[in-house]
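The structure appears right after this line, and notes come after that.
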Amino acid sequence: MSPTSRYASCAGYEIHYTEWGAADAPVVIAWHGLARTGRDMDELAAHLSPRYRVICPDTLGRGLSQWARDPGQEYQLSFYARIAADLFDQLGIEHAHWVGTSMGGAIGTVCAAGLAEPRLKGRIRSLVLNDNAPQLASAAIDRIKAYAGTPPAFDTVAELEAFFRQVYQPYGWLSDAQWRRLTETSTRRLPDGRVTPHYDPAMVQQFTHHADDYLIWKHYDALDIPVLCLRGVDSDLVLRETTAEMLTRGPGALGLVRVVEVPGCGHAPALNVPEHFALVESAWAEQACLAG
């Protein structure tokens, strides 16, 4: 099944998303990572689409969505949650499962907690945090800031693909076709004709203007839904002591949290192979058992 490319007006911005599956099927929100686009979720969405309606947004400043007019105030989790709440309302989504890679997981945590957007409280039934946690390793954040704020430019798409293969090697195995699609769906041309990753470099202001934006224990502690944390076994962003703490507080103290280490990956598993699909769906089977 192929996706439909759509646009919605959220928080005063045109937000692009792809939609998979039948309009009346249970909903999955699949939200990408910091410097990526919703098309990273193609493989997962294609797998789920016979049974689910899958919505894969491009975050503000990424892919085909508009760029922020006020980067210092709008590139932050609370504003992304506002965009998500508007998207839920516009698409008539009453309830959804949420799968978020890295930043997408943090957005999901903030949305599900309902502290920033009370209208979303109770509407997210489960969370899959793909190499994301309520606290991230500072050294890894410094690494991300270093490359995300100054994206490189290349003369050819082939050179950009080689760059992506190097930077995103921790994603794990991707086929040659998947690497090419990843490149072509996250490439834009500059005025001088060179190519660069398809995002607004100013989005790095999330870190410079909101230094603790990803320290979200208060949101995590407010959760009362099943949470599955997929930690890339070689991740430098999500530390084992953090996942251990997740099991003892918030939804963890309620017995609602499971942590699974994904072999062959660092930050972050690509969610593109059957083993990853099975892990994601296991979160919903657990949620159904708890509800029953």
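Starting from 1 in every chain, residues are counted up; chains themselves are A, B, ... following the order of the structure tokens, and ligands are numbered from 1 as listed.
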Surrounding residues of Leu77 in chain A excluding itself and chain neighbours under 5 positions, 8 Å, only C-alpha atoms, as a VMD selection string: chain A and resid 106 to 107 110 213 to 214
So which residues touch Ser49 in chain A within 9 Å, counting only C-alpha atoms, skipping near sequence neighbours fewer than 5 positions away, as a short mmCIF file (atom, residue, chain, number, x, y, z; two decimals) with C-alpha atoms, in the first residue's frame?
data_model
loop_
_atom_site.label_atom_id
_atom_site.label_comp_id
_atom_site.auth_asym_id
_atom_site.auth_seq_id
_atom_site.Cartn_x
_atom_site.Cartn_y
_atom_site.Cartn_z
CA MET A 1 0.00 0.00 0.00
CA TRP A 20 -1.44 5.08 5.33
CA GLY A 21 -4.31 2.62 5.70
CA ALA A 22 -8.08 2.91 5.99
CA ALA A 25 -8.92 1.80 11.23
CA LEU A 44 6.82 0.52 9.56
CA VAL A 54 -0.85 5.43 10.24
#
Neighbour list for range 64-73 of chain A as a PyMOL selection string, cut-off 9 Å, only C-alpha atoms, skip fewer than 4 positions in-chain: chain A and resi 7+13-17+37+57-60+79+198-200+202-206+208-210
Got time to write the residues from that selection, C-alpha atoms, as a compact mmCIF listing (two decimals), in the first residue's frame?
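Ended up saving to result_12.txt:
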# COMPACT_ATOMS: atom_id res chain seq x y z
CA TYR A 7 -1.25 18.93 4.57
CA TYR A 13 1.61 26.47 10.14
CA GLU A 14 1.23 24.18 7.16
CA ILE A 15 2.25 20.74 8.41
CA HIS A 16 2.89 17.92 5.98
CA TYR A 17 2.10 14.31 6.79
CA THR A 37 11.32 13.50 8.22
CA PRO A 57 4.03 13.96 10.22
CA ASP A 58 6.97 16.14 9.23
CA THR A 59 7.78 18.26 12.30
CA LEU A 60 7.78 22.02 11.95
CA PHE A 79 5.04 23.91 20.66
CA HIS A 198 15.92 18.86 4.35
CA TYR A 199 15.48 20.78 7.60
CA ASP A 200 15.79 24.26 9.04
CA ALA A 202 17.64 27.00 13.21
CA MET A 203 15.82 24.07 14.80
CA VAL A 204 19.00 23.57 16.85
CA GLN A 205 17.82 26.58 18.86
CA GLN A 206 15.75 24.08 20.80
CA THR A 208 20.46 26.77 22.83
CA HIS A 209 17.25 28.50 23.97
CA HIS A 210 15.76 25.63 25.97
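Note that CA of Tyr168 in chain A and CA of His267 in chain A are 8.2 Å apart.
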From range 18-127 of chain A, collect each residue whose DSSP state is strand (DSSP E) and return the set as an MDAnalysis selection string. chainID A and resid 18:20 27:31 53:57 96:101 124:127
Need to verify the contact set: range 192-196 of chain A, 12 Å, only C-alpha atoms, exclusion of same-chain residues closer than 6 positions in sequence. Can you return it as an MDAnalysis selection string? chainID A and resid 35 63 148 150:161 163:164 183:186
Give me a file of those residues, with N, CA and C atoms, as an mmCIF file, in the first residue's frame.
data_model
loop_
_atom_site.group_PDB
_atom_site.id
_atom_site.type_symbol
_atom_site.label_atom_id
_atom_site.label_comp_id
_atom_site.auth_asym_id
_atom_site.auth_seq_id
_atom_site.Cartn_x
_atom_site.Cartn_y
_atom_site.Cartn_z
ATOM 1 N N ALA A 35 16.453 15.485 13.194
ATOM 2 C CA ALA A 35 16.847 16.060 11.909
ATOM 3 C C ALA A 35 16.333 15.232 10.735
ATOM 4 N N GLY A 63 11.370 18.458 6.470
ATOM 5 C CA GLY A 63 10.674 17.931 5.305
ATOM 6 C C GLY A 63 9.872 18.995 4.591
ATOM 7 N N ALA A 148 23.812 18.987 13.855
ATOM 8 C CA ALA A 148 22.484 19.418 13.425
ATOM 9 C C ALA A 148 22.440 20.905 13.109
ATOM 10 N N THR A 150 24.773 22.815 11.842
ATOM 11 C CA THR A 150 25.535 23.203 10.650
ATOM 12 C C THR A 150 25.503 22.068 9.631
ATOM 13 N N PRO A 151 24.349 21.833 9.007
ATOM 14 C CA PRO A 151 24.255 20.723 8.056
ATOM 15 C C PRO A 151 25.184 20.939 6.864
ATOM 16 N N PRO A 152 25.849 19.883 6.414
ATOM 17 C CA PRO A 152 26.774 20.026 5.289
ATOM 18 C C PRO A 152 26.034 20.165 3.967
ATOM 19 N N ALA A 153 26.732 20.627 2.977
ATOM 20 C CA ALA A 153 26.193 20.720 1.616
ATOM 21 C C ALA A 153 27.143 20.012 0.667
ATOM 22 N N PHE A 154 26.587 19.372 -0.358
ATOM 23 C CA PHE A 154 27.370 18.596 -1.304
ATOM 24 C C PHE A 154 26.946 18.945 -2.723
ATOM 25 N N ASP A 155 27.842 18.679 -3.651
ATOM 26 C CA ASP A 155 27.536 18.944 -5.058
ATOM 27 C C ASP A 155 26.537 17.945 -5.614
ATOM 28 N N THR A 156 26.561 16.704 -5.108
ATOM 29 C CA THR A 156 25.719 15.658 -5.683
ATOM 30 C C THR A 156 24.920 14.943 -4.608
ATOM 31 N N VAL A 157 23.804 14.361 -5.030
ATOM 32 C CA VAL A 157 22.987 13.558 -4.128
ATOM 33 C C VAL A 157 23.760 12.315 -3.689
ATOM 34 N N ALA A 158 24.580 11.779 -4.566
ATOM 35 C CA ALA A 158 25.375 10.606 -4.199
ATOM 36 C C ALA A 158 26.312 10.909 -3.029
ATOM 37 N N GLU A 159 26.880 12.102 -3.012
ATOM 38 C CA GLU A 159 27.739 12.480 -1.889
ATOM 39 C C GLU A 159 26.936 12.637 -0.605
ATOM 40 N N LEU A 160 25.732 13.188 -0.731
ATOM 41 C CA LEU A 160 24.883 13.328 0.447
ATOM 42 C C LEU A 160 24.476 11.949 0.974
ATOM 43 N N GLU A 161 24.183 11.025 0.077
ATOM 44 C CA GLU A 161 23.852 9.668 0.519
ATOM 45 C C GLU A 161 25.022 9.033 1.268
ATOM 46 N N PHE A 163 27.209 10.560 3.011
ATOM 47 C CA PHE A 163 27.221 11.219 4.317
ATOM 48 C C PHE A 163 26.174 10.598 5.234
ATOM 49 N N PHE A 164 24.947 10.416 4.719
ATOM 50 C CA PHE A 164 23.893 9.820 5.529
ATOM 51 C C PHE A 164 24.264 8.407 5.971
ATOM 52 N N THR A 183 17.682 9.137 1.549
ATOM 53 C CA THR A 183 18.374 10.314 1.026
ATOM 54 C C THR A 183 17.442 11.197 0.215
ATOM 55 N N GLU A 184 16.715 10.589 -0.698
ATOM 56 C CA GLU A 184 15.884 11.379 -1.607
ATOM 57 C C GLU A 184 14.699 12.039 -0.903
ATOM 58 N N THR A 185 14.252 11.467 0.208
ATOM 59 C CA THR A 185 13.123 12.061 0.933
ATOM 60 C C THR A 185 13.583 13.067 1.986
ATOM 61 N N SER A 186 14.882 13.278 2.097
ATOM 62 C CA SER A 186 15.366 14.268 3.068
ATOM 63 C C SER A 186 16.482 15.115 2.463
#
